[in-house]
$ cat data-v5.cif   # mmCIF, C-alpha atoms
data_run
loop_
_atom_site.label_atom_id
_atom_site.label_comp_id
_atom_site.auth_asym_id
_atom_site.auth_seq_id
_atom_site.Cartn_x
_atom_site.Cartn_y
_atom_site.Cartn_z
CA MET L 1 -79.49 9.54 6.64
CA LYS L 2 -76.04 10.78 7.82
CA LYS L 3 -74.70 7.19 7.97
CA GLN L 4 -75.81 6.57 4.37
CA SER L 5 -74.16 9.82 3.21
CA LYS L 6 -70.87 8.85 4.86
CA LYS L 7 -70.99 5.47 3.08
CA PHE L 8 -71.42 7.20 -0.28
CA MET L 9 -68.53 9.54 0.47
CA LEU L 10 -66.22 6.67 1.51
CA ALA L 11 -67.14 4.69 -1.60
CA GLY L 12 -66.34 7.72 -3.74
CA VAL L 13 -62.93 8.17 -2.15
CA VAL L 14 -62.09 4.49 -2.68
CA LEU L 15 -63.27 4.66 -6.30
CA LEU L 16 -61.10 7.73 -6.97
CA ALA L 17 -58.07 6.07 -5.36
CA VAL L 18 -58.49 2.89 -7.43
CA THR L 19 -59.02 4.90 -10.63
CA GLY L 20 -55.90 6.96 -9.94
CA LEU L 21 -53.82 3.87 -9.23
CA LEU L 22 -54.98 2.22 -12.44
CA ALA L 23 -54.21 5.38 -14.41
CA LEU L 24 -50.74 5.63 -12.84
CA THR L 25 -50.00 1.98 -13.60
CA SER L 26 -51.18 2.39 -17.17
CA CYS L 27 -49.06 5.51 -17.64
CA LYS L 28 -45.99 3.76 -16.20
CA ASN L 29 -46.43 0.77 -18.50
CA ASP L 30 -46.80 3.06 -21.52
CA SER L 31 -43.74 5.24 -20.80
CA VAL L 32 -41.19 2.59 -19.73
CA PRO L 33 -41.32 -0.45 -22.01
CA GLU L 34 -39.38 -3.47 -20.89
CA PRO L 35 -36.08 -3.83 -22.81
CA PRO L 36 -35.68 -7.06 -24.78
CA SER L 37 -33.60 -9.84 -23.31
CA GLU L 38 -30.06 -10.25 -24.65
CA ALA L 39 -31.19 -13.29 -26.65
CA ASP L 40 -34.12 -11.41 -28.22
CA TRP L 41 -31.94 -8.38 -28.92
CA LEU L 42 -29.35 -10.56 -30.61
CA GLN L 43 -32.01 -12.14 -32.82
CA GLU L 44 -33.10 -8.64 -33.85
CA GLN L 45 -29.51 -7.81 -34.85
CA LYS L 46 -29.27 -11.00 -36.85
CA LYS L 47 -32.46 -10.18 -38.76
CA GLU L 48 -31.26 -6.63 -39.41
CA LEU L 49 -28.11 -7.94 -41.08
CA GLU L 50 -29.78 -10.58 -43.24
CA GLY L 51 -29.22 -9.97 -46.93
CA LYS L 52 -26.96 -6.96 -46.33
CA THR L 53 -23.30 -6.43 -47.14
CA GLU L 54 -22.73 -3.93 -44.34
CA GLY L 55 -24.39 -2.86 -41.12
CA THR L 56 -24.01 -1.55 -37.59
CA ILE L 57 -24.52 -3.28 -34.26
CA THR L 58 -25.06 -0.88 -31.35
CA ALA L 59 -24.89 -2.77 -28.08
CA PRO L 60 -27.34 -1.92 -25.27
CA SER L 61 -26.18 -0.63 -21.88
CA TYR L 62 -27.11 -3.92 -20.19
CA LEU L 63 -24.84 -6.06 -22.40
CA THR L 64 -22.97 -8.71 -20.39
CA LYS L 65 -19.76 -10.65 -21.04
CA GLY L 66 -21.88 -13.52 -22.29
CA GLY L 67 -23.68 -11.20 -24.67
CA LEU L 68 -20.32 -10.01 -26.01
CA VAL L 69 -19.33 -13.60 -26.75
CA ASP L 70 -22.66 -14.07 -28.56
CA ILE L 71 -22.01 -10.98 -30.70
CA ALA L 72 -18.63 -12.42 -31.69
CA LYS L 73 -20.30 -15.70 -32.66
CA LEU L 74 -22.84 -13.80 -34.76
CA LEU L 75 -19.99 -12.00 -36.55
CA ARG L 76 -18.23 -15.29 -37.27
CA ASP L 77 -21.44 -16.82 -38.65
CA LEU L 78 -22.05 -14.02 -41.13
CA PRO L 79 -21.25 -14.82 -44.77
CA ASP L 80 -18.03 -13.65 -46.38
CA GLY L 81 -18.14 -10.10 -47.70
CA VAL L 82 -20.34 -8.67 -44.94
CA LEU L 83 -18.74 -5.83 -42.95
CA VAL L 84 -20.01 -4.69 -39.54
CA ASP L 85 -19.31 -1.62 -37.41
CA LEU L 86 -19.62 -2.56 -33.74
CA ASP L 87 -20.48 0.17 -31.23
CA LEU L 88 -19.98 -0.97 -27.63
CA SER L 89 -19.73 2.55 -26.19
CA GLN L 90 -22.98 2.28 -24.21
CA ALA L 91 -22.19 -1.13 -22.72
CA THR L 92 -20.62 0.34 -19.60
CA GLY L 93 -21.05 -2.84 -17.60
CA LEU L 94 -18.05 -4.29 -19.42
CA THR L 95 -14.69 -3.81 -17.71
CA TYR L 96 -12.47 -5.90 -19.98
CA ILE L 97 -12.45 -7.64 -23.34
CA ALA L 98 -11.61 -11.24 -22.51
CA ALA L 99 -8.87 -13.24 -24.22
CA GLY L 100 -9.79 -14.36 -27.72
CA THR L 101 -13.25 -12.75 -27.66
CA PHE L 102 -13.24 -11.56 -31.29
CA ILE L 103 -10.56 -13.85 -32.68
CA ASP L 104 -11.20 -14.71 -36.37
CA CYS L 105 -14.11 -12.25 -36.71
CA PHE L 106 -13.38 -11.53 -40.36
CA THR L 107 -16.55 -9.43 -40.78
CA LEU L 108 -15.66 -6.88 -38.08
CA LYS L 109 -14.85 -3.53 -39.71
CA SER L 110 -14.63 -1.15 -36.73
CA VAL L 111 -15.20 -1.20 -33.00
CA LYS L 112 -15.80 1.41 -30.29
CA LEU L 113 -15.04 0.25 -26.76
CA PRO L 114 -16.88 1.62 -23.70
CA SER L 115 -15.24 3.98 -21.21
CA SER L 116 -15.53 1.30 -18.52
CA VAL L 117 -13.00 -1.07 -20.13
CA THR L 118 -9.56 -1.16 -18.50
CA GLU L 119 -8.01 -4.16 -20.26
CA ILE L 120 -7.98 -5.66 -23.75
CA GLY L 121 -7.08 -9.32 -23.28
CA LYS L 122 -4.71 -11.60 -25.15
CA TYR L 123 -5.69 -12.39 -28.76
CA ALA L 124 -8.87 -10.31 -28.28
CA PHE L 125 -9.00 -9.17 -31.94
CA GLN L 126 -6.45 -11.53 -33.48
CA HIS L 127 -6.96 -12.27 -37.19
CA CYS L 128 -9.69 -9.65 -37.61
CA PHE L 129 -8.53 -9.11 -41.18
CA SER L 130 -11.18 -6.47 -42.06
CA LEU L 131 -10.75 -4.34 -38.93
CA THR L 132 -9.76 -0.82 -40.03
CA LYS L 133 -10.37 1.26 -36.91
CA VAL L 134 -10.49 0.75 -33.14
CA THR L 135 -11.56 3.40 -30.64
CA ILE L 136 -9.79 2.67 -27.36
CA PRO L 137 -11.02 4.71 -24.36
CA ALA L 138 -8.74 6.55 -21.94
CA SER L 139 -9.69 4.04 -19.23
CA VAL L 140 -7.64 1.23 -20.81
CA LYS L 141 -4.40 0.39 -18.97
CA THR L 142 -3.38 -2.90 -20.58
CA ILE L 143 -3.30 -4.19 -24.15
CA GLY L 144 -2.59 -7.91 -23.98
CA ASP L 145 -0.27 -10.17 -25.95
CA SER L 146 -1.25 -10.47 -29.63
CA ALA L 147 -4.39 -8.41 -28.96
CA PHE L 148 -4.44 -7.05 -32.54
CA PHE L 149 -2.11 -9.59 -34.12
CA ASP L 150 -2.61 -9.90 -37.88
CA CYS L 151 -5.23 -7.15 -38.15
CA ARG L 152 -3.99 -6.47 -41.66
CA SER L 153 -6.39 -3.63 -42.48
CA LEU L 154 -5.89 -1.66 -39.27
CA ALA L 155 -4.79 1.71 -40.64
CA GLU L 156 -5.05 3.89 -37.54
CA ILE L 157 -4.77 3.32 -33.82
CA THR L 158 -4.53 5.80 -30.97
CA ILE L 159 -3.06 4.23 -27.86
CA PRO L 160 -4.32 6.24 -24.85
CA GLU L 161 -1.87 7.93 -22.50
CA GLY L 162 -3.11 5.79 -19.62
CA VAL L 163 -1.83 2.56 -21.16
CA THR L 164 1.16 1.21 -19.24
CA THR L 165 1.45 -2.30 -20.73
CA ILE L 166 1.49 -3.36 -24.37
CA GLY L 167 2.01 -7.10 -24.71
CA TYR L 168 4.31 -8.94 -27.09
CA SER L 169 3.16 -9.13 -30.71
CA ALA L 170 0.24 -6.86 -29.80
CA PHE L 171 0.24 -5.21 -33.25
CA GLN L 172 2.38 -7.66 -35.18
CA ASN L 173 1.58 -7.90 -38.90
CA CYS L 174 -0.74 -4.89 -38.88
CA GLN L 175 0.31 -4.28 -42.45
CA SER L 176 -1.75 -1.10 -43.00
CA LEU L 177 -0.59 0.70 -39.86
CA ILE L 178 1.30 3.90 -40.74
CA GLU L 179 1.97 5.77 -37.52
CA VAL L 180 2.27 4.84 -33.84
CA THR L 181 2.89 6.87 -30.68
CA ILE L 182 3.91 4.91 -27.59
CA PRO L 183 2.29 6.31 -24.39
CA GLU L 184 4.59 7.84 -21.76
CA GLY L 185 3.57 5.31 -19.12
CA VAL L 186 5.02 2.37 -21.07
CA THR L 187 8.51 1.35 -19.88
CA THR L 188 9.03 -1.75 -22.04
CA ILE L 189 8.12 -2.23 -25.68
CA GLU L 190 7.72 -5.99 -25.75
CA ALA L 191 9.12 -8.45 -28.26
CA SER L 192 7.70 -8.32 -31.80
CA THR L 193 5.11 -5.71 -30.81
CA PHE L 194 5.22 -4.03 -34.23
CA ALA L 195 7.07 -6.67 -36.25
CA TYR L 196 6.03 -6.99 -39.91
CA CYS L 197 4.16 -3.67 -39.88
CA ILE L 198 5.44 -3.14 -43.39
CA ASN L 199 3.85 0.29 -43.94
CA LEU L 200 4.81 1.77 -40.58
CA ASP L 201 6.83 4.90 -41.32
CA LYS L 202 6.67 6.87 -38.08
CA VAL L 203 7.19 5.73 -34.49
CA THR L 204 7.34 8.01 -31.47
CA ILE L 205 9.15 6.51 -28.47
CA PRO L 206 8.82 8.71 -25.36
CA GLU L 207 11.20 9.32 -22.48
CA GLY L 208 10.44 6.72 -19.84
CA VAL L 209 10.84 3.70 -22.09
CA THR L 210 13.83 1.75 -20.79
CA THR L 211 13.70 -1.40 -22.91
CA ILE L 212 13.01 -2.18 -26.56
CA GLU L 213 12.76 -5.95 -26.67
CA ALA L 214 13.88 -8.40 -29.36
CA SER L 215 12.39 -8.07 -32.87
CA THR L 216 10.12 -5.21 -31.74
CA PHE L 217 10.24 -3.47 -35.13
CA ALA L 218 11.64 -6.31 -37.25
CA TYR L 219 10.70 -6.18 -40.95
CA CYS L 220 9.22 -2.68 -40.72
CA ILE L 221 10.59 -2.05 -44.18
CA ASN L 222 9.04 1.42 -44.57
CA LEU L 223 10.50 2.81 -41.34
CA ASP L 224 13.20 5.36 -42.18
CA LYS L 225 13.91 7.19 -38.91
CA VAL L 226 13.79 6.35 -35.20
CA THR L 227 14.73 8.44 -32.18
CA ILE L 228 15.96 6.52 -29.13
CA PRO L 229 15.36 8.56 -25.94
CA VAL L 230 17.85 8.94 -23.10
CA SER L 231 15.87 6.61 -20.86
CA VAL L 232 16.45 3.55 -23.10
CA LYS L 233 19.14 1.25 -21.73
CA THR L 234 18.48 -1.97 -23.65
CA ILE L 235 17.74 -2.68 -27.30
CA GLY L 236 17.02 -6.36 -27.82
CA LEU L 237 18.37 -8.71 -30.43
CA ASP L 238 17.06 -7.95 -33.94
CA ALA L 239 14.91 -5.09 -32.62
CA PHE L 240 15.15 -3.38 -36.02
CA TYR L 241 16.05 -6.43 -38.08
CA ASP L 242 15.62 -6.02 -41.84
CA CYS L 243 14.31 -2.46 -41.57
CA SER L 244 15.81 -1.98 -45.00
CA ASN L 245 14.95 1.73 -45.29
CA LEU L 246 16.03 2.72 -41.79
CA ASN L 247 18.49 5.51 -42.59
CA GLN L 248 18.56 7.46 -39.33
CA VAL L 249 18.68 6.25 -35.76
CA ILE L 250 18.98 9.26 -33.49
CA PHE L 251 20.36 8.40 -30.08
CA LYS L 252 19.66 11.10 -27.51
CA LYS L 253 22.50 9.59 -25.49
CA THR L 254 25.32 8.06 -27.49
CA ASP L 255 27.92 7.11 -24.89
CA GLY L 256 28.13 3.87 -22.93
CA TRP L 257 26.57 1.51 -25.49
CA HIS L 258 27.97 -2.02 -25.83
CA MET L 259 27.01 -5.18 -27.68
CA LYS L 260 25.81 -8.12 -25.66
CA ASN L 261 26.42 -11.65 -26.85
CA PRO L 262 23.02 -13.28 -27.39
CA TYR L 263 24.38 -16.74 -26.63
CA ASP L 264 26.17 -16.40 -23.32
CA GLU L 265 24.96 -12.90 -22.31
CA ALA L 266 28.57 -11.85 -21.74
CA GLU L 267 29.52 -8.28 -22.53
CA LEU L 268 31.87 -7.89 -25.43
CA PRO L 269 34.95 -5.81 -24.62
CA LYS L 270 34.68 -3.86 -27.85
CA SER L 271 32.42 -0.81 -27.80
CA ILE L 272 30.05 -0.05 -30.62
CA VAL L 273 31.46 2.51 -33.02
CA VAL L 274 29.45 5.74 -32.98
CA SER L 275 29.55 8.04 -35.98
CA ASN L 276 27.84 11.41 -36.16
CA ALA L 277 25.69 12.44 -39.11
CA LYS L 278 25.35 16.01 -40.35
CA ASP L 279 22.04 16.73 -38.62
CA ASN L 280 23.29 15.49 -35.22
CA ALA L 281 21.72 12.10 -35.87
CA THR L 282 23.95 9.14 -35.05
CA ASN L 283 24.29 5.67 -36.48
CA LEU L 284 25.35 3.00 -34.03
CA LYS L 285 27.21 0.22 -35.83
CA ASP L 286 29.66 -2.57 -35.24
CA SER L 287 32.89 -3.13 -37.21
CA ALA L 288 30.90 -4.84 -39.98
CA GLY L 289 28.68 -1.79 -40.39
CA GLN L 290 25.68 -3.44 -38.74
CA TRP L 291 24.05 -2.66 -35.42
CA TYR L 292 20.34 -3.34 -35.75
CA GLY L 293 20.80 -7.09 -35.50
CA LYS L 294 22.73 -6.83 -32.24
CA HIS L 295 21.67 -6.91 -28.61
CA LEU L 296 22.71 -3.50 -27.26
CA ILE L 297 23.02 -2.34 -23.66
CA ARG L 298 24.02 0.96 -22.07
CA LYS L 299 25.67 1.21 -18.65
#
$ encode --input "data-v5.cif" --output "structure tokens"
Amino acid sequence: MKKQSKKFMLAGVVLLAVTGLLALTSCKNDSVPEPPSEADWLQEQKKELEGKTEGTITAPSYLTKGGLVDIAKLLRDLPDGVLVDLDLSQATGLTYIAAGTFIDCFTLKSVKLPSSVTEIGKYAFQHCFSLTKVTIPASVKTIGDSAFFDCRSLAEITIPEGVTTIGYSAFQNCQSLIEVTIPEGVTTIEASTFAYCINLDKVTIPEGVTTIEASTFAYCINLDKVTIPVSVKTIGLDAFYDCSNLNQVIFKKTDGWHMKNPYDEAELPKSIVVSNAKDNATNLKDSAGQWYGKHLIRK
């Protein structure tokens, strides 16, 4: 009789254990659904945008570089007139935006980059004609050559203080851009970085910048005032070419400037003529009354 009772007790314990395990498994399956694969998620985004003229794509945390390329392809395949806000802020597995990733994505209206990104590659957003706003995180150190070239609708951009490199033509032909502040960590403003930004009317160049390369601000026809800090020692050929409304160039240090011949790189013996304006601004000109088309150096 005792043996039979023990068997019943053991069976009961086993039954309770199995029941509990099944209940736990069921609860786990109910509370943590499996996320869709990148391919399935992308198909969902495509369906969401069908028949619409605007929409938002919010990338999942598990988005990979390949998934980012697929998003760009989806944007390129959308019909003309559709505008999309892209939120990548949760995709913290991304560390850089590869070269040319979003090139020619005409339907991209805005983009938020994740805090894990340290580099925006060459041509990353080139020819994104509808792009009006980009949120660049503090983690970014490098903005590559032509990264935002010809983003004609880009009206505002905040370049984080941590950025130390801005490539040539990075913001060239951003025709809607009005104001730019160069971060303090940048030492060289590369060639044509802001060329043809025809509505740019305010530029802040910090101490620490030593070189303003050729054609950096060429054809910025709305720019009326620029302050050149003490740290600048070289202003490249045509740096401010055809800035037709540039009325004040304030040099924090006016002595020691010379023209440099762009053909043989030999210093000219004649110093640039410096004339002081009423408000302590100075205009640096040659004997013909022009300076902005010259290659200037300071010893």
$ resolve_selection --input "data-v5.cif" --expression "the PyMOL selection byres ((chain L and resi 196-207) around 8)" --output "PyMOL selection string"
chain L and resi 171-184+194-195+208-209+217-232
$ closest_residue --input "data-v5.cif" --among "L:Asn247, L:Ser146, L:Ser115, L:Ser110" --to "Ser130 (chain L)" --atoms "only C-alpha atoms"
L:Ser110
$ atom_distance --input "data-v5.cif" --atom1 "CA of Phe148 (chain L)" --atom2 "CA of Tyr62 (chain L)"
26.0 Å
$ resolve_selection --input "data-v5.cif" --expression "the PyMOL selection byres ((chain L and resi 297) around 10)" --output "ChimeraX atom specification"
/L:211,232-236,256-260,267,294-296,298-299
$ write_last_selection --input "data-v5.cif" --atoms "C-alpha atoms" --output "PDB file, keeping the file's coordinate frame"
ATOM      1  CA  THR L 211      13.700  -1.400 -22.910  1.00  0.00           C
ATOM      2  CA  VAL L 232      16.450   3.550 -23.100  1.00  0.00           C
ATOM      3  CA  LYS L 233      19.140   1.250 -21.730  1.00  0.00           C
ATOM      4  CA  THR L 234      18.480  -1.970 -23.650  1.00  0.00           C
ATOM      5  CA  ILE L 235      17.740  -2.680 -27.300  1.00  0.00           C
ATOM      6  CA  GLY L 236      17.020  -6.360 -27.820  1.00  0.00           C
ATOM      7  CA  GLY L 256      28.130   3.870 -22.930  1.00  0.00           C
ATOM      8  CA  TRP L 257      26.570   1.510 -25.490  1.00  0.00           C
ATOM      9  CA  HIS L 258      27.970  -2.020 -25.830  1.00  0.00           C
ATOM     10  CA  MET L 259      27.010  -5.180 -27.680  1.00  0.00           C
ATOM     11  CA  LYS L 260      25.810  -8.120 -25.660  1.00  0.00           C
ATOM     12  CA  GLU L 267      29.520  -8.280 -22.530  1.00  0.00           C
ATOM     13  CA  LYS L 294      22.730  -6.830 -32.240  1.00  0.00           C
ATOM     14  CA  HIS L 295      21.670  -6.910 -28.610  1.00  0.00           C
ATOM     15  CA  LEU L 296      22.710  -3.500 -27.260  1.00  0.00           C
ATOM     16  CA  ARG L 298      24.020   0.960 -22.070  1.00  0.00           C
ATOM     17  CA  LYS L 299      25.670   1.210 -18.650  1.00  0.00           C
TER      18      LYS L 299
END
$ atom_distance --input "data-v5.cif" --atom1 "CA of Ser116 (chain L)" --atom2 "CA of Glu44 (chain L)"
25.3 Å
$ closest_residue --input "data-v5.cif" --among "L:Gln45, L:Thr135, L:Gln126, L:Thr210" --to "Ser169 (chain L)" --atoms "all atoms listed in the file"
L:Gln126
$ atom_distance --input "data-v5.cif" --atom1 "CA of Leu83 (chain L)" --atom2 "CA of Phe106 (chain L)"
8.2 Å
$ closest_residue --input "data-v5.cif" --among "L:Ile57, L:Val117, L:Glu190, L:Ala214" --to "Ser139 (chain L)" --atoms "all atoms listed in the file"
L:Val117
$ resolve_selection --input "data-v5.cif" --expression "the PyMOL selection byres ((chain L and resi 105) around 12)" --output "PDB file with C-alpha atoms, in the coordinates of the input"
ATOM      1  CA  VAL L  69     -19.330 -13.600 -26.750  1.00  0.00           C
ATOM      2  CA  ASP L  70     -22.660 -14.070 -28.560  1.00  0.00           C
ATOM      3  CA  ILE L  71     -22.010 -10.980 -30.700  1.00  0.00           C
ATOM      4  CA  ALA L  72     -18.630 -12.420 -31.690  1.00  0.00           C
ATOM      5  CA  LYS L  73     -20.300 -15.700 -32.660  1.00  0.00           C
ATOM      6  CA  LEU L  74     -22.840 -13.800 -34.760  1.00  0.00           C
ATOM      7  CA  LEU L  75     -19.990 -12.000 -36.550  1.00  0.00           C
ATOM      8  CA  ARG L  76     -18.230 -15.290 -37.270  1.00  0.00           C
ATOM      9  CA  ASP L  77     -21.440 -16.820 -38.650  1.00  0.00           C
ATOM     10  CA  LEU L  78     -22.050 -14.020 -41.130  1.00  0.00           C
ATOM     11  CA  PRO L  79     -21.250 -14.820 -44.770  1.00  0.00           C
ATOM     12  CA  ASP L  80     -18.030 -13.650 -46.380  1.00  0.00           C
ATOM     13  CA  GLY L  81     -18.140 -10.100 -47.700  1.00  0.00           C
ATOM     14  CA  VAL L  82     -20.340  -8.670 -44.940  1.00  0.00           C
ATOM     15  CA  LEU L  83     -18.740  -5.830 -42.950  1.00  0.00           C
ATOM     16  CA  VAL L  84     -20.010  -4.690 -39.540  1.00  0.00           C
ATOM     17  CA  ASP L  85     -19.310  -1.620 -37.410  1.00  0.00           C
ATOM     18  CA  LEU L  86     -19.620  -2.560 -33.740  1.00  0.00           C
ATOM     19  CA  GLY L 100      -9.790 -14.360 -27.720  1.00  0.00           C
ATOM     20  CA  THR L 101     -13.250 -12.750 -27.660  1.00  0.00           C
ATOM     21  CA  PHE L 102     -13.240 -11.560 -31.290  1.00  0.00           C
ATOM     22  CA  ILE L 103     -10.560 -13.850 -32.680  1.00  0.00           C
ATOM     23  CA  ASP L 104     -11.200 -14.710 -36.370  1.00  0.00           C
ATOM     24  CA  PHE L 106     -13.380 -11.530 -40.360  1.00  0.00           C
ATOM     25  CA  THR L 107     -16.550  -9.430 -40.780  1.00  0.00           C
ATOM     26  CA  LEU L 108     -15.660  -6.880 -38.080  1.00  0.00           C
ATOM     27  CA  LYS L 109     -14.850  -3.530 -39.710  1.00  0.00           C
ATOM     28  CA  SER L 110     -14.630  -1.150 -36.730  1.00  0.00           C
ATOM     29  CA  VAL L 111     -15.200  -1.200 -33.000  1.00  0.00           C
ATOM     30  CA  TYR L 123      -5.690 -12.390 -28.760  1.00  0.00           C
ATOM     31  CA  ALA L 124      -8.870 -10.310 -28.280  1.00  0.00           C
ATOM     32  CA  PHE L 125      -9.000  -9.170 -31.940  1.00  0.00           C
ATOM     33  CA  GLN L 126      -6.450 -11.530 -33.480  1.00  0.00           C
ATOM     34  CA  HIS L 127      -6.960 -12.270 -37.190  1.00  0.00           C
ATOM     35  CA  CYS L 128      -9.690  -9.650 -37.610  1.00  0.00           C
ATOM     36  CA  PHE L 129      -8.530  -9.110 -41.180  1.00  0.00           C
ATOM     37  CA  SER L 130     -11.180  -6.470 -42.060  1.00  0.00           C
ATOM     38  CA  LEU L 131     -10.750  -4.340 -38.930  1.00  0.00           C
ATOM     39  CA  PHE L 148      -4.440  -7.050 -32.540  1.00  0.00           C
ATOM     40  CA  ASP L 150      -2.610  -9.900 -37.880  1.00  0.00           C
ATOM     41  CA  CYS L 151      -5.230  -7.150 -38.150  1.00  0.00           C
TER      42      CYS L 151
END
$ axis_aligned_box --input "data-v5.cif" --around "region 176-180 of chain L" --padding-each-side "4 Å" --output "lines of an AutoDock Vina configuration file"
center_x = 0.3
center_y = 2.3
center_z = -38.4
size_x = 12.0
size_y = 14.9
size_z = 17.2
